[in-house]
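Colleague: Below is the file run-v2.txt, which contains compact mmCIF, C-alpha atoms.
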# COMPACT_ATOMS: atom_id res chain seq x y z
CA MET A 630 5.97 32.95 164.93
CA GLN A 631 9.18 33.15 166.92
CA VAL A 632 12.19 33.25 164.60
CA ILE A 633 15.52 31.77 165.73
CA ASP A 634 18.75 33.28 164.44
CA CYS A 635 21.10 30.32 164.65
CA HIS A 636 24.36 32.11 163.81
CA CYS A 637 25.37 35.19 165.84
CA HIS A 638 28.83 36.32 166.95
CA VAL A 639 28.97 38.56 170.01
CA TYR A 640 31.87 40.19 171.85
CA PRO A 641 32.42 41.99 175.16
CA PRO A 642 32.01 45.77 174.77
CA ARG A 643 35.66 46.43 175.64
CA ILE A 644 36.90 44.48 172.59
CA ALA A 645 33.88 44.52 170.28
CA GLU A 646 35.07 47.32 168.02
CA ARG A 647 38.48 45.72 167.54
CA ALA A 648 37.00 42.24 167.03
CA VAL A 649 34.45 43.39 164.47
CA ALA A 650 37.09 45.33 162.56
CA ALA A 651 39.30 42.22 162.47
CA VAL A 652 36.46 40.09 161.08
CA GLY A 653 35.73 42.71 158.43
CA ALA A 654 39.39 42.77 157.45
CA PHE A 655 39.54 38.96 157.28
CA TYR A 656 36.66 38.87 154.80
CA ASP A 657 37.33 42.26 153.18
CA ILE A 658 33.76 43.32 153.94
CA PRO A 659 32.91 46.75 155.40
CA MET A 660 31.31 46.34 158.81
CA ASP A 661 29.77 48.54 161.45
CA VAL A 662 32.52 48.44 164.06
CA GLU A 663 30.15 49.83 166.68
CA SER A 664 28.05 46.66 166.51
CA GLY A 665 28.98 43.23 167.76
CA THR A 666 27.89 43.38 171.40
CA PRO A 667 25.01 41.34 172.85
CA GLU A 668 23.09 44.59 173.41
CA GLY A 669 23.73 45.55 169.79
CA LEU A 670 22.29 42.24 168.62
CA LEU A 671 19.13 42.66 170.69
CA ALA A 672 18.74 46.28 169.55
CA ALA A 673 19.09 45.25 165.90
CA CYS A 674 16.20 42.80 166.30
CA GLU A 675 13.90 44.91 168.43
CA GLY A 676 10.39 44.92 166.97
CA THR A 677 11.12 41.95 164.68
CA PRO A 678 10.00 38.30 164.95
CA ILE A 679 13.60 37.29 165.73
CA GLN A 680 13.28 36.46 169.41
CA ARG A 681 15.91 33.79 170.04
CA PHE A 682 19.59 33.62 169.16
CA ILE A 683 22.39 31.06 169.16
CA ILE A 684 25.44 33.08 170.19
CA HIS A 685 29.13 32.23 170.10
CA SER A 686 32.63 33.54 169.55
CA VAL A 687 35.89 31.96 168.38
CA ALA A 688 39.19 31.44 170.20
CA THR A 689 42.24 31.90 168.00
CA ARG A 690 44.56 30.96 170.88
CA PRO A 691 44.03 28.24 173.49
CA GLU A 692 44.39 30.67 176.38
CA GLN A 693 41.30 32.55 175.15
CA VAL A 694 38.95 29.58 175.46
CA ALA A 695 37.92 29.79 179.11
CA SER A 696 37.33 33.55 179.15
CA ILE A 697 35.25 33.44 175.96
CA ASN A 698 33.12 30.62 177.35
CA ASP A 699 32.67 32.52 180.61
CA PHE A 700 31.50 35.57 178.64
CA ILE A 701 29.03 33.63 176.49
CA ALA A 702 27.63 31.85 179.54
CA SER A 703 27.22 35.10 181.47
CA GLU A 704 25.31 36.66 178.57
CA CYS A 705 23.01 33.65 178.39
CA ALA A 706 22.35 33.95 182.11
CA THR A 707 21.46 37.62 181.65
CA HIS A 708 19.42 37.24 178.45
CA PRO A 709 17.02 34.28 178.24
CA GLU A 710 16.78 34.89 174.49
CA PHE A 711 20.33 33.59 174.09
CA THR A 712 21.47 29.99 173.69
CA GLY A 713 25.25 29.80 174.00
CA PHE A 714 27.77 27.63 172.20
CA MET A 715 31.28 27.16 173.57
CA THR A 716 34.52 27.73 171.74
CA LEU A 717 37.37 25.22 171.83
CA HIS A 718 40.86 25.17 170.36
CA GLN A 719 42.89 22.44 168.72
CA ASP A 720 45.94 23.04 170.93
CA LEU A 721 44.20 22.16 174.19
CA THR A 722 45.55 18.94 175.66
CA ASP A 723 43.20 16.00 175.99
CA ASP A 724 42.76 16.67 179.71
CA GLN A 725 42.20 20.39 179.15
CA LEU A 726 39.69 19.68 176.42
CA GLU A 727 37.61 17.29 178.48
CA ARG A 728 37.69 19.59 181.52
CA GLU A 729 36.66 22.63 179.50
CA ILE A 730 33.79 20.85 177.79
CA ASP A 731 32.50 19.64 181.16
CA ARG A 732 32.99 23.09 182.68
CA ALA A 733 31.25 24.90 179.81
CA CYS A 734 28.33 22.48 179.91
CA ALA A 735 28.00 23.08 183.66
CA LEU A 736 27.82 26.81 182.87
CA GLY A 737 24.83 26.07 180.63
CA LEU A 738 26.42 26.19 177.18
CA ARG A 739 24.57 23.96 174.77
CA GLY A 740 26.93 23.24 171.87
CA ILE A 741 30.29 23.90 170.20
CA LYS A 742 31.35 26.43 167.56
CA LEU A 743 34.52 25.94 165.51
CA HIS A 744 35.98 28.10 162.73
CA PRO A 745 38.77 26.18 160.99
CA ASP A 746 39.85 29.13 158.83
CA THR A 747 40.39 31.69 161.58
CA GLN A 748 41.72 28.97 163.89
CA ALA A 749 44.10 27.83 161.10
CA VAL A 750 43.41 24.12 161.42
CA ASP A 751 42.13 21.51 158.99
CA MET A 752 38.58 20.56 159.84
CA ASP A 753 39.60 16.89 159.89
CA ASP A 754 42.86 17.43 161.77
CA PRO A 755 43.35 14.67 164.39
CA ARG A 756 43.29 17.32 167.12
CA LEU A 757 39.72 18.21 166.18
CA LEU A 758 38.66 14.60 165.81
CA ARG A 759 38.94 14.38 169.62
CA ILE A 760 36.25 17.04 169.86
CA TYR A 761 33.91 15.30 167.46
CA GLU A 762 34.28 12.03 169.35
CA ILE A 763 33.29 13.70 172.62
CA ALA A 764 30.52 15.76 171.04
CA GLN A 765 28.70 13.11 169.04
CA GLY A 766 25.47 12.15 170.75
CA ARG A 767 26.03 14.88 173.34
CA LEU A 768 26.49 18.37 171.87
CA PRO A 769 25.54 19.93 168.52
CA LEU A 770 28.30 21.55 166.50
CA ILE A 771 28.28 24.71 164.37
CA ILE A 772 31.28 24.66 162.06
CA HIS A 773 32.27 27.28 159.53
CA THR A 774 32.54 25.55 156.17
CA GLY A 775 34.08 26.82 152.93
CA ASP A 776 36.37 29.59 151.78
CA TYR A 777 37.80 29.91 148.29
CA ARG A 778 41.06 31.21 149.77
CA TYR A 779 41.76 28.29 152.12
CA ASP A 780 41.50 24.53 152.32
CA TYR A 781 41.02 24.26 156.10
CA SER A 782 37.23 24.09 155.93
CA HIS A 783 36.66 22.52 152.52
CA PRO A 784 33.32 20.65 152.41
CA ARG A 785 35.07 17.44 151.35
CA ARG A 786 36.65 17.42 154.81
CA LEU A 787 33.24 17.76 156.43
CA GLN A 788 31.86 14.91 154.34
CA ARG A 789 34.60 12.70 155.74
CA ILE A 790 33.80 13.79 159.31
CA LEU A 791 30.08 13.18 158.91
CA ARG A 792 30.72 9.65 157.69
CA ASP A 793 33.22 8.88 160.44
CA PHE A 794 31.00 10.34 163.18
CA PRO A 795 27.43 9.43 162.16
CA ASN A 796 25.93 10.55 165.49
CA LEU A 797 27.44 14.03 165.31
CA VAL A 798 24.77 16.74 164.97
CA VAL A 799 26.28 19.40 162.69
CA ASP A 800 25.31 22.76 161.26
CA ALA A 801 27.49 23.18 158.16
CA ALA A 802 27.45 26.95 158.22
CA HIS A 803 26.94 29.14 155.16
CA PHE A 804 25.22 26.52 152.99
CA GLY A 805 28.12 24.18 153.72
CA GLY A 806 30.60 26.19 151.69
CA TRP A 807 30.99 29.95 152.03
CA SER A 808 32.03 31.38 148.64
CA ILE A 809 32.10 27.86 147.13
CA TYR A 810 28.40 27.18 147.50
CA ASP A 811 27.90 25.09 144.37
CA LEU A 812 30.96 22.96 145.10
CA ALA A 813 29.57 22.25 148.57
CA VAL A 814 26.47 20.67 147.03
CA GLU A 815 28.64 17.97 145.46
CA TYR A 816 29.83 16.87 148.90
CA LEU A 817 26.95 17.60 151.27
CA GLU A 818 23.68 17.31 149.36
CA HIS A 819 23.00 13.79 150.63
CA GLU A 820 24.89 13.89 153.94
CA ASN A 821 23.33 13.85 157.40
CA CYS A 822 23.68 17.45 158.56
CA PHE A 823 21.86 20.71 158.96
CA LEU A 824 23.05 23.80 157.10
CA ASP A 825 22.48 27.47 157.80
CA MET A 826 22.08 30.10 155.09
CA SER A 827 24.00 32.91 156.81
CA SER A 828 26.41 35.11 154.85
CA SER A 829 24.99 33.85 151.58
CA ILE A 830 22.27 36.13 150.21
CA ALA A 831 24.62 39.04 149.49
CA LEU A 832 26.86 36.78 147.42
CA LEU A 833 24.25 34.52 145.84
CA GLY A 834 21.18 36.68 145.38
CA MET A 835 17.80 35.47 146.56
CA ARG A 836 17.04 33.34 143.49
CA ARG A 837 20.08 31.08 143.99
CA THR A 838 19.59 31.16 147.77
CA GLU A 839 16.12 29.71 147.30
CA GLU A 840 17.40 27.14 144.81
CA LEU A 841 20.05 25.91 147.24
CA THR A 842 17.49 25.79 150.04
CA ARG A 843 15.37 23.44 147.94
CA ILE A 844 18.34 21.35 146.80
CA TYR A 845 19.30 20.60 150.39
CA GLY A 846 15.69 20.52 151.61
CA THR A 847 13.64 22.93 153.67
CA ASP A 848 13.85 20.42 156.53
CA ARG A 849 17.65 20.97 156.79
CA ILE A 850 18.24 24.69 156.26
CA MET A 851 18.22 27.10 159.22
CA PHE A 852 17.95 30.89 159.21
CA GLY A 853 21.05 32.71 160.41
CA SER A 854 22.38 36.23 160.02
CA ASP A 855 26.09 35.89 160.90
CA PHE A 856 25.67 39.04 163.01
CA PRO A 857 27.47 41.45 163.05
CA MET A 858 28.50 40.65 159.49
CA TRP A 859 24.92 41.34 158.39
CA ASP A 860 21.85 42.93 159.94
CA PRO A 861 19.48 40.17 161.14
CA SER A 862 16.26 42.02 160.30
CA SER A 863 17.44 42.77 156.75
CA GLU A 864 18.53 39.17 156.26
CA LEU A 865 15.15 37.96 157.49
CA ARG A 866 13.28 40.24 155.10
CA ALA A 867 15.41 39.06 152.19
CA PHE A 868 15.11 35.37 153.02
CA THR A 869 11.35 35.44 153.53
CA SER A 870 10.94 37.12 150.13
CA GLY A 871 11.52 33.69 148.62
CA HIS A 872 8.67 31.55 147.40
CA PHE A 873 8.28 29.44 150.51
CA THR A 874 5.03 28.12 151.93
CA ASP A 875 3.98 28.94 155.49
CA ASP A 876 4.87 25.40 156.58
CA GLU A 877 8.29 25.66 154.95
CA LEU A 878 8.93 28.97 156.69
CA GLU A 879 8.00 27.41 160.04
CA ASP A 880 10.78 24.89 159.46
CA LEU A 881 13.34 27.31 158.01
CA LEU A 882 12.89 30.02 160.62
CA ARG A 883 12.22 27.96 163.74
CA ASN A 884 11.60 24.21 163.72
CA ASN A 885 14.88 23.12 162.14
CA ALA A 886 16.84 25.11 164.71
CA LEU A 887 14.84 23.49 167.51
CA ARG A 888 15.63 20.05 166.12
CA PHE A 889 19.30 21.00 165.76
CA LEU A 890 19.30 21.96 169.45
CA GLY A 891 17.56 18.75 170.41
CA GLU A 892 14.32 20.48 171.41
CA ALA A 893 10.85 19.43 170.33
CA ALA A 894 9.66 21.48 167.34
With the file now loaded, output its structure as structure tokens.
Modeller:
Amino acid sequence: MQVIDCHCHVYPPRIAERAVAAVGAFYDIPMDVESGTPEGLLAACEGTPIQRFIIHSVATRPEQVASINDFIASECATHPEFTGFMTLHQDLTDDQLEREIDRACALGLRGIKLHPDTQAVDMDDPRLLRIYEIAQGRLPLIIHTGDYRYDYSHPRRLQRILRDFPNLVVDAAHFGGWSIYDLAVEYLEHENCFLDMSSSIALLGMRRTEELTRIYGTDRIMFGSDFPMWDPSSELRAFTSGHFTDDELEDLLRNNALRFLGEAA
């Protein structure tokens, strides 16, 4: 079975070491600063069932948006295993936002990735609502959700967005609430969204990871590694150690991601 890793960050080689170090510092997690490139991702998964990847990066300033999207698109053109998601920024004007979305789609990018915490913007800020309005019914969205240190990406904000934009296809990353996993259940258990389980096993342990997967439903959870935060092959081994049936694993490791992307499972 082909496994899809739905949550991978990649960076150009010239900045990868610096970018990975910055991410590690943001989360106070030791990271391999020599990883983080597209080639590093493929090498980490060589010989494993992980054969397809949703890749993205995050713009912390509006002037970074176009170059990041160009990089992601070029990597997707080079590597058919990659499906690219564009970055956007809340400080783009309405005209800039619409032009960049159209341009990125023309380059072949298939969705949008936002990270409210590193972009320092409330998930339900009016500047981001413009993006959701354009995206609903057109582009899936991966959005970092949850952080005990900040309120930008609190799952209550996502609940509000999901109800205001019912046609928005969303992956609420990290079980819908990184580091506040149980709180996220209160807001997202019955909402219309996918969730990925990336950056969770190390904090939760596999027993609670499996429990949360069943609370939300094996038809909603997607496998993701959050590369280069974690090694994809190690995350896959840990996740598949749970007590899931073969049919459930087909959904968790592949079919749910295909449905998220709008492809037939």
Colleague: Could you tell me how far CA of Ser782 (chain A) sits from CA of Arg837 (chain A), in Å to one decimal place?
Modeller: 22.0 Å
Colleague: Return the single residue from A:Leu817, A:Leu791, A:Met630, A:Cys637 that is closest to Trp859 (chain A), with distances computed using all atoms listed in the file.
Modeller: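 Answer, going by the shortest atom-to-atom distance: A:Cys637.
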Colleague: Quick check, in Å to one decimal: how far apart do CA of Asp731 (chain A) and CA of Gly766 (chain A) lie?
Modeller: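 Separating CA of Asp731 (chain A) from CA of Gly766 (chain A) is a distance of 14.6 Å.
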Colleague: Might I get the box with edges along x, y and z of the file that holds all atoms of region 884-894 of chain A listed there, padded by 4 Å on every side, given as centre and edge lengths in Å to one decimal, as lines of an AutoDock Vina configuration file?
Modeller:
center_x = 14.5
center_y = 21.9
center_z = 166.8
size_x = 17.6
size_y = 14.4
size_z = 17.3
Colleague: May I ask which of the residues A:Leu738, A:Leu758, A:Val687, A:Ala764 is the closest one to Val652 (chain A), counting all atoms listed in the file?
Modeller: A:Val687
Colleague: So, counting only C-alpha atoms, which residue among A:Thr666, A:Thr847, A:Thr838, A:Thr677 is closest to Pro861 (chain A)?
Modeller: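 With only C-alpha atoms as the atom set, the closest residue is A:Thr677.
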Colleague: Could you please give me, as a ChimeraX atom specification, the residues of protein, DNA or RNA lying at most 12 Å from (38.8, 21.2, 177.5) in the coordinate frame of the file, considering only C-alpha atoms?
Modeller: /A:691-695,698,715-734,741,756-757,759-760,763-764
Colleague: Any chance you could export the current selection's C-alpha atoms as an mmCIF file, in the coordinates of the input?
Modeller:
data_model
loop_
_atom_site.group_PDB
_atom_site.id
_atom_site.type_symbol
_atom_site.label_atom_id
_atom_site.label_comp_id
_atom_site.auth_asym_id
_atom_site.auth_seq_id
_atom_site.Cartn_x
_atom_site.Cartn_y
_atom_site.Cartn_z
ATOM 1 C CA PRO A 691 44.030 28.240 173.490
ATOM 2 C CA GLU A 692 44.390 30.670 176.380
ATOM 3 C CA GLN A 693 41.300 32.550 175.150
ATOM 4 C CA VAL A 694 38.950 29.580 175.460
ATOM 5 C CA ALA A 695 37.920 29.790 179.110
ATOM 6 C CA ASN A 698 33.120 30.620 177.350
ATOM 7 C CA MET A 715 31.280 27.160 173.570
ATOM 8 C CA THR A 716 34.520 27.730 171.740
ATOM 9 C CA LEU A 717 37.370 25.220 171.830
ATOM 10 C CA HIS A 718 40.860 25.170 170.360
ATOM 11 C CA GLN A 719 42.890 22.440 168.720
ATOM 12 C CA ASP A 720 45.940 23.040 170.930
ATOM 13 C CA LEU A 721 44.200 22.160 174.190
ATOM 14 C CA THR A 722 45.550 18.940 175.660
ATOM 15 C CA ASP A 723 43.200 16.000 175.990
ATOM 16 C CA ASP A 724 42.760 16.670 179.710
ATOM 17 C CA GLN A 725 42.200 20.390 179.150
ATOM 18 C CA LEU A 726 39.690 19.680 176.420
ATOM 19 C CA GLU A 727 37.610 17.290 178.480
ATOM 20 C CA ARG A 728 37.690 19.590 181.520
ATOM 21 C CA GLU A 729 36.660 22.630 179.500
ATOM 22 C CA ILE A 730 33.790 20.850 177.790
ATOM 23 C CA ASP A 731 32.500 19.640 181.160
ATOM 24 C CA ARG A 732 32.990 23.090 182.680
ATOM 25 C CA ALA A 733 31.250 24.900 179.810
ATOM 26 C CA CYS A 734 28.330 22.480 179.910
ATOM 27 C CA ILE A 741 30.290 23.900 170.200
ATOM 28 C CA ARG A 756 43.290 17.320 167.120
ATOM 29 C CA LEU A 757 39.720 18.210 166.180
ATOM 30 C CA ARG A 759 38.940 14.380 169.620
ATOM 31 C CA ILE A 760 36.250 17.040 169.860
ATOM 32 C CA ILE A 763 33.290 13.700 172.620
ATOM 33 C CA ALA A 764 30.520 15.760 171.040
#
Colleague: Can you tell me which residues surround Asp825 (chain A) at a distance of at most 7 Å, considering all atoms listed in the file, apart from same-chain residues fewer than 4 positions away, and format the answer as a list in words?
Modeller: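 Once the adjacent positions are removed, what remains is Asp800, Ala801, Ala802, His803, Phe804, Ile850, Met851, Phe852 and Gly853 of chain A.
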Colleague: So, counting all atoms listed in the file, which residue among A:Pro667, A:Arg792, A:Leu770, A:Ala654 is closest to Thr707 (chain A)?
Modeller: A:Pro667
Colleague: Pick out the closest residue to Glu818 (chain A) from this set: A:Gln788, A:Asn796, A:Ser686, A:Ser862. Count only C-alpha atoms.
Modeller: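 Smallest separation from Glu818 (chain A) among the options: A:Gln788.
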Colleague: Could you check how far CA of Gly653 (chain A) sits from CA of Ser827 (chain A), in Å to one decimal?
Modeller: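 Taking CA of Gly653 (chain A) and CA of Ser827 (chain A), their separation equals 15.4 Å.
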Colleague: Can you list, as a ChimeraX atom specification, every protein, DNA or RNA residue that comes within 12 Å of Ala831 (chain A) when you count all atoms listed in the file, leaving out same-chain residues fewer than 3 positions away?
Modeller: /A:658,803,807-808,826-828,834-838,854-855,858-860,863-864,867-868
Colleague: Applying 10 Å and only C-alpha atoms, which residues near Gln680 (chain A) remain after dropping the ones on its own chain fewer than 4 positions away? List them as a CSV table (one decimal) with C-alpha atoms, in the frame of the given file.
Modeller:
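Contents of selection23.csv, freshly written:
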chain,number,residue,atom,x,y,z
A,630,MET,CA,6.0,33.0,164.9
A,631,GLN,CA,9.2,33.2,166.9
A,632,VAL,CA,12.2,33.2,164.6
A,633,ILE,CA,15.5,31.8,165.7
A,634,ASP,CA,18.8,33.3,164.4
A,671,LEU,CA,19.1,42.7,170.7
A,674,CYS,CA,16.2,42.8,166.3
A,675,GLU,CA,13.9,44.9,168.4
A,676,GLY,CA,10.4,44.9,167.0
A,709,PRO,CA,17.0,34.3,178.2
A,710,GLU,CA,16.8,34.9,174.5
A,711,PHE,CA,20.3,33.6,174.1
Colleague: Counting only C-alpha atoms, which residue out of A:Thr842, A:Arg778, A:Ile684, A:Val750 sits closest to Phe655 (chain A)?
Modeller: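 Using only C-alpha atoms, Phe655 (chain A) sits closest to A:Arg778.
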Colleague: Find the residues around Val814 (chain A) up to 9 Å (all atoms listed in the file counted), leave out those fewer than 2 positions away in its own chain, and share them as a ChimeraX atom specification.
Modeller: /A:784,804-806,810-812,816-819,841,844-845
Colleague: Write out as an MDAnalysis selection string which residues come within 10 Å of Arg849 (chain A) when counting all atoms listed in the file, dropping same-chain ones fewer than 4 positions away.
Modeller: chainID A and resid 800 821:825 842:843 845 880:881 884:886 888:889
